[in-house]
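Trainee: My structure is in target_36.txt, and what it holds is compact mmCIF, C-alpha atoms:
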```txt
# COMPACT_ATOMS: atom_id res chain seq x y z
CA GLU A 1 27.37 -47.66 29.46
CA ALA A 2 29.69 -45.50 31.59
CA ALA A 3 31.76 -48.56 32.53
CA ARG A 4 32.09 -49.62 28.90
CA ARG A 5 33.18 -46.14 27.90
CA ALA A 6 35.70 -46.18 30.74
CA GLY A 7 37.37 -49.21 29.14
CA TYR A 8 35.84 -52.26 30.80
CA ALA A 9 35.05 -55.26 28.63
CA GLU A 10 31.52 -55.73 27.34
CA HIS A 11 30.92 -58.95 29.27
CA THR A 12 32.11 -57.53 32.63
CA ALA A 13 30.93 -53.90 32.38
CA ARG A 14 27.62 -54.40 34.19
CA PHE A 15 29.15 -56.36 37.02
CA MET A 16 32.10 -54.00 37.43
CA ALA A 17 29.82 -50.96 37.42
CA SER A 18 27.90 -52.30 40.42
CA ARG A 19 31.15 -53.14 42.21
CA ILE A 20 32.73 -49.74 41.51
CA LEU A 21 29.72 -47.86 42.83
CA ARG A 22 30.27 -49.54 46.21
CA ASN A 23 33.86 -48.28 46.37
CA PRO A 24 34.12 -45.47 49.01
CA ASP A 25 36.49 -43.40 46.84
CA VAL A 26 34.17 -43.61 43.84
CA ALA A 27 31.12 -42.78 45.96
CA ALA A 28 32.95 -39.76 47.39
CA ALA A 29 34.00 -38.63 43.90
CA ILE A 30 30.39 -38.89 42.71
CA ARG A 31 29.18 -36.79 45.64
CA ILE A 32 31.86 -34.17 44.90
CA ALA A 33 30.91 -34.09 41.20
CA MET A 34 27.23 -33.72 42.04
CA ALA A 35 27.96 -30.96 44.55
CA GLU A 36 30.06 -29.15 41.95
CA ARG A 37 27.25 -29.46 39.41
CA ALA A 38 24.75 -28.09 41.93
CA ARG A 39 27.08 -25.16 42.64
CA ARG A 40 27.60 -24.53 38.93
CA THR A 41 23.92 -24.67 38.03
CA GLN A 42 22.74 -23.14 41.32
CA ILE A 43 20.33 -26.04 41.66
CA ASP A 44 20.43 -28.17 44.78
CA ALA A 45 18.27 -30.85 46.35
CA ASP A 46 16.50 -28.38 48.62
CA ALA A 47 15.46 -26.20 45.66
CA VAL A 48 14.10 -29.21 43.77
CA LEU A 49 12.29 -30.49 46.86
CA HIS A 50 10.68 -27.10 47.47
CA ARG A 51 9.48 -26.98 43.86
CA TRP A 52 7.99 -30.48 44.06
CA TRP A 53 6.29 -29.63 47.34
CA ALA A 54 4.87 -26.38 45.90
CA THR A 55 3.38 -28.36 43.00
CA ALA A 56 2.07 -31.14 45.24
CA THR A 57 0.28 -28.72 47.57
CA ALA A 58 -0.88 -26.15 44.99
CA ASN A 59 -4.61 -25.47 44.79
CA PRO A 60 -6.14 -26.04 41.32
CA ASN A 61 -8.70 -23.34 42.15
CA ASP A 62 -5.87 -20.82 41.80
CA VAL A 63 -5.63 -21.75 38.11
CA ILE A 64 -9.12 -22.76 37.02
CA GLN A 65 -12.48 -22.66 38.75
CA HIS A 66 -15.85 -24.26 38.15
CA ILE A 67 -18.57 -21.80 39.07
CA ARG A 68 -22.33 -21.44 38.62
CA GLY A 69 -23.92 -18.19 37.58
CA ALA A 70 -27.38 -16.99 36.65
CA CYS A 71 -29.00 -18.29 33.48
CA ARG A 72 -30.61 -15.92 31.00
CA TYR A 73 -34.02 -16.37 32.63
CA CYS A 74 -33.02 -16.05 36.29
CA HIS A 75 -33.36 -12.28 36.62
CA GLY A 76 -35.35 -11.33 33.53
CA ALA A 77 -38.71 -9.63 34.05
CA ASP A 78 -41.21 -12.42 34.88
CA HIS A 79 -38.31 -14.79 34.18
CA ALA A 80 -38.30 -13.97 30.48
CA TYR A 81 -35.04 -14.09 28.49
CA GLN A 82 -32.73 -11.29 29.61
CA TRP A 83 -30.27 -9.51 27.30
CA ARG A 84 -26.96 -7.98 28.28
CA ASP A 85 -27.87 -4.70 26.61
CA ARG A 86 -29.98 -3.33 23.74
CA ARG A 87 -27.14 -3.79 21.28
CA GLU A 88 -27.14 -7.52 21.88
CA PHE A 89 -30.93 -7.59 21.44
CA ARG A 90 -30.85 -5.59 18.20
CA THR A 91 -28.13 -7.85 16.77
CA ALA A 92 -30.15 -10.99 17.58
CA LEU A 93 -33.30 -9.42 16.11
CA ALA A 94 -31.52 -8.44 12.86
CA GLN A 95 -30.10 -11.96 12.48
CA ALA A 96 -33.53 -13.55 13.01
CA ARG A 97 -35.13 -11.27 10.43
CA ALA A 98 -32.33 -12.02 7.94
CA LYS A 99 -33.22 -15.70 8.31
CA MET A 100 -36.89 -14.87 7.62
CA GLU A 101 -37.99 -16.19 11.00
CA PRO A 102 -41.77 -15.93 11.62
CA ASP A 103 -42.90 -13.09 13.91
CA ASP A 104 -43.75 -15.41 16.80
CA LEU A 105 -40.15 -16.66 16.84
CA LEU A 106 -38.48 -13.25 16.76
CA PRO A 107 -36.47 -12.26 19.87
CA SER A 108 -38.44 -10.30 22.47
CA GLU A 109 -37.39 -7.53 24.85
CA GLU A 110 -39.88 -8.45 27.52
CA GLY A 111 -37.17 -9.85 29.82
CA GLY A 112 -35.26 -6.56 29.72
CA CYS A 113 -31.51 -5.96 29.76
CA GLY A 114 -28.73 -6.19 32.35
CA TYR A 115 -27.85 -9.87 32.25
CA ASN A 116 -24.77 -10.73 34.33
CA ALA A 117 -23.45 -14.27 33.98
CA LEU A 118 -21.73 -14.03 37.39
CA ALA A 119 -24.91 -13.10 39.26
CA GLU A 120 -26.33 -15.60 41.74
CA PRO A 121 -28.91 -17.98 40.22
CA HIS A 122 -32.49 -17.11 41.17
CA PRO A 123 -33.81 -19.86 43.45
CA GLU A 124 -37.26 -19.72 41.81
CA CYS A 125 -36.12 -19.63 38.19
CA PRO A 126 -38.44 -21.93 36.18
CA ARG A 127 -35.80 -22.59 33.51
CA CYS A 128 -32.77 -23.71 35.56
CA ASP A 129 -34.62 -24.59 38.80
CA GLY A 130 -32.29 -22.30 40.72
CA ILE A 131 -29.19 -24.25 39.65
CA GLY A 132 -27.94 -21.67 37.16
CA GLU A 133 -25.38 -22.35 34.44
CA SER A 134 -22.07 -24.16 34.80
CA MET A 135 -18.92 -22.29 33.74
CA PHE A 136 -15.18 -22.90 33.84
CA VAL A 137 -13.09 -19.80 34.41
CA ALA A 138 -9.30 -19.75 33.83
CA LEU A 139 -7.58 -17.34 36.22
CA ASP A 140 -4.39 -15.31 35.83
CA THR A 141 -1.62 -17.85 35.20
CA ASN A 142 1.02 -15.25 36.11
CA SER A 143 -0.09 -15.42 39.73
CA PRO A 144 2.57 -16.85 42.10
CA LEU A 145 -0.10 -19.23 43.39
CA ALA A 146 -0.78 -20.56 39.89
CA THR A 147 2.85 -20.93 38.78
CA PRO A 148 3.55 -24.36 40.42
CA LEU A 149 0.54 -25.94 38.66
CA TYR A 150 0.27 -24.12 35.34
CA ASP A 151 1.82 -26.24 32.58
CA GLY A 152 0.85 -24.36 29.42
CA LEU A 153 -1.97 -24.07 26.90
CA LYS A 154 -2.85 -26.10 23.84
CA LYS A 155 -5.08 -24.89 21.02
CA THR A 156 -7.52 -27.58 19.88
CA LYS A 157 -10.46 -27.69 17.48
CA ASP A 158 -12.75 -27.26 20.50
CA GLY A 159 -10.91 -24.22 21.87
CA ILE A 160 -8.11 -23.74 24.38
CA GLU A 161 -6.99 -26.66 26.53
CA LEU A 162 -5.37 -25.79 29.86
CA HIS A 163 -2.67 -28.16 31.11
CA LEU A 164 -1.91 -28.62 34.82
CA ALA A 165 1.11 -30.27 36.40
CA ASP A 166 0.63 -33.71 37.97
CA ARG A 167 0.23 -33.10 41.72
CA ALA A 168 0.16 -36.82 42.54
CA LYS A 169 3.47 -37.35 40.74
CA ALA A 170 5.01 -34.36 42.53
CA LEU A 171 3.90 -35.75 45.90
CA GLU A 172 5.39 -39.13 44.99
CA MET A 173 8.70 -37.45 44.18
CA VAL A 174 8.68 -35.67 47.55
CA ALA A 175 8.01 -38.99 49.31
CA ARG A 176 10.85 -40.67 47.42
CA HIS A 177 13.21 -37.81 48.22
CA LEU A 178 12.40 -38.20 51.91
CA GLY A 179 12.88 -41.98 51.78
CA MET A 180 9.25 -42.85 52.51
CA PHE A 181 9.28 -45.68 49.96
CA ASN A 182 11.29 -48.85 50.29
CA ASP A 183 11.71 -49.71 46.63
CA LYS A 184 14.10 -52.54 45.82
CA LEU A 185 16.96 -51.64 43.50
CA LYS A 186 16.72 -53.53 40.22
CA LEU A 187 19.79 -54.21 38.10
CA GLN A 188 18.16 -55.09 34.80
CA GLY A 189 19.62 -51.98 33.15
CA ASP A 190 16.28 -50.44 32.07
CA ALA A 191 16.39 -46.73 31.16
CA GLU A 192 14.87 -45.48 34.42
CA ASN A 193 16.71 -47.85 36.73
CA PRO A 194 18.39 -45.86 39.56
CA LEU A 195 21.78 -47.44 38.80
CA THR A 196 21.46 -46.68 35.09
CA VAL A 197 20.48 -43.10 35.83
CA LEU A 198 23.44 -42.67 38.19
CA LEU A 199 25.88 -44.08 35.67
CA ARG A 200 24.45 -41.76 33.03
CA GLU A 201 24.95 -38.81 35.37
CA ILE A 202 28.66 -39.45 35.77
CA GLN A 203 29.40 -40.12 32.11
CA GLY A 204 32.13 -37.92 30.76
CA SER A 205 33.58 -37.28 34.23
CA SER A 206 37.26 -37.62 35.01
CA LEU A 207 36.74 -40.83 37.01
CA GLN A 208 39.18 -43.54 35.97
CA PRO A 209 38.54 -47.27 36.21
CA ILE A 210 40.20 -48.98 39.12
CA ALA A 211 41.02 -52.61 39.46
CA ILE A 212 38.94 -54.44 42.05
CA PRO A 213 39.74 -58.11 42.46
CA ILE A 214 36.75 -60.36 42.06
CA ASP A 215 35.96 -62.29 45.24
CA ASP A 216 35.73 -66.03 45.01
CA ASP A 217 32.19 -65.85 46.41
```
Starting from the coordinates I provided, produce the structure as C-alpha cells.
Mentor:
Amino acid sequence: EAARRAGYAEHTARFMASRILRNPDVAAAIRIAMAERARRTQIDADAVLHRWWATATANPNDVIQHIRGACRYCHGADHAYQWRDRREFRTALAQARAKMEPDDLLPSEEGGCGYNALAEPHPECPRCDGIGESMFVALDTNSPLATPLYDGLKKTKDGIELHLADRAKALEMVARHLGMFNDKLKLQGDAENPLTVLLREIQGSSLQPIAIPIDDD
C-alpha cells in the first residue's frame, strides 16, 4: 500500500516494496524515522520490552486469589449454624416468619454469633469435613504489583467479571523481541505480515521512490 501511494504501478508495487526495503539508504531512513517517533512519543523498545516482561512475570495472586475460609458450621456451638451478629439472626427470623415457615424450620440461635468467613476451617466440622468454603477475592487493582495484569472489569448478569492480561502472549512477545523464534517471513500481504506492518508504519513519511533496475535473474 505504501509503495502504491508512493507512485509505483499496481502490478509492480509488491515487488518493488520488497526490493526497496533492502536498499541501505531506505533502511537507514526507516531507522531514523522510527527513532524520531520514539523520541517524540517517549516510547522506545526498552520501555515496551520492560512492560511485556512485567506482564509476563506478574503474579495473578496479586490481583485475585482463591481462598478457603470457615463455613457457617465450623465454629458454631456444637457445630450449629453460626450468625455474624444478632442483627443478621433477627433479620433471617423475621423473613422466615413473614413466609409463614413452621416453627421447626425457623432460624435458631443455638450456634451463636461471631461468624468470620476468613477464619480457618475447623478440621472436625461435620458439614464441610474441614474443607471450608471456596471464595474468590479481588485485591486492590491500584497496587503496582497488580497493574501489569489488571485489564479492566465487565459487568455481567452474573456479577462483575475481572479481566487479566494474557501472560503467555506477553512472554511470546518478549521472546520475539529477543529473537528467540526463527519465523520465516511471508510475503502474502496479510494484515499482520511483518512486511505489511512495516510498510504501514512508514506511510505518510517523506520517503520518495527510487529507481532500482530489475536484475535479469
Trainee: Determine, using all atoms listed in the file, which residues of stretch 91-162 of chain A have any atom at most 6 Å from an atom of stretch 50-66 of chain A, and tabulate each with its shortest atom pair and distance in Å to one decimal place, rows ordered by chain and then rising number, as a tab-separated table.
Mentor:
```
residue	atom	partner	partner_atom	distance
A:Met135	CA	A:His66	CA	5.7
A:Phe136	CA	A:His66	CA	4.6
A:Val137	CA	A:Gln65	CA	5.2
A:Ala138	CA	A:Ile64	CA	4.4
A:Leu139	CA	A:Val63	CA	5.2
A:Ala146	CA	A:Val63	CA	5.3
A:Pro148	CA	A:Thr55	CA	4.8
A:Leu149	CA	A:Thr55	CA	5.7
```
Trainee: Grab the atom CA of A:Arg127 to atom CA of A:Gln82 distance for me, in Å with one decimal place.
Mentor: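 Computing it gives 12.3 Å between the two atoms.
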Trainee: Quick one: residues within 12 Å of A:Pro123, all atoms listed in the file counted, chain neighbours fewer than 4 positions away excluded, as a list in words?
Mentor: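 Final neighbour list, sorted by chain and number: Gly69, Ala70, Cys71, Tyr73, Cys74, His75, His79, Ala119, Arg127, Cys128, Asp129, Gly130, Ile131 and Gly132 of chain A.
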Trainee: Quick one: pull the distance between atom CA of A:His122 and atom CA of A:Gly76, Å, one decimal.
Mentor: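 Interatomic distance here is 10.0 Å.
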Trainee: With distances taken over all atoms listed in the file, which of A:Leu49, A:Ala9, A:Thr91, A:Ala3 is nearest to A:His177?
Mentor: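 Smallest distance to A:His177 is found for A:Leu49.
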Trainee: I need the residue nearest A:Leu164 from this list: A:Pro24, A:Gly111, A:Gly152, A:Gly7. Use all atoms listed in the file for the distance.
Mentor: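 Among the listed residues, the smallest separation from A:Leu164 belongs to A:Gly152.
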Trainee: Report the distance between atom CA of A:Arg68 and atom CA of A:Asn116 in Å, rounded to one decimal place.
Mentor: 11.8 Å
Trainee: For A:Glu133, which residue among A:Arg72, A:Thr156, A:Asn23, A:His11 is the nearest when counting all atoms listed in the file?
Mentor: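 Using all atoms listed in the file, A:Glu133 sits closest to A:Arg72.
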Trainee: Taking 4 positions as the minimum chain separation for residues in the same chain, which residues sit within 9 Å of stretch 93-107 of chain A when counting all atoms listed in the file? Answer as a list of chain:residue names.
Mentor: A:Tyr81, A:Glu88, A:Phe89
Trainee: Which residue gives the smallest distance to A:Glu109 among A:Met180, A:Ala13, A:Ala29, A:Ala80, with only C-alpha atoms counted?
Mentor: A:Ala80
Trainee: Measuring atom to atom with all atoms listed in the file, identify which of A:Asp46, A:Tyr115, A:Ala2, A:Lys155 is nearest to A:Arg14.
Mentor: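 Smallest separation from A:Arg14 among the options: A:Ala2.
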Trainee: Compare A:Ala47, A:Gly159, A:Asp166, A:Ile67 by their minimum atom-to-atom distance to A:Glu120, counting only C-alpha atoms, and give me the closest one.
Mentor: A:Ile67
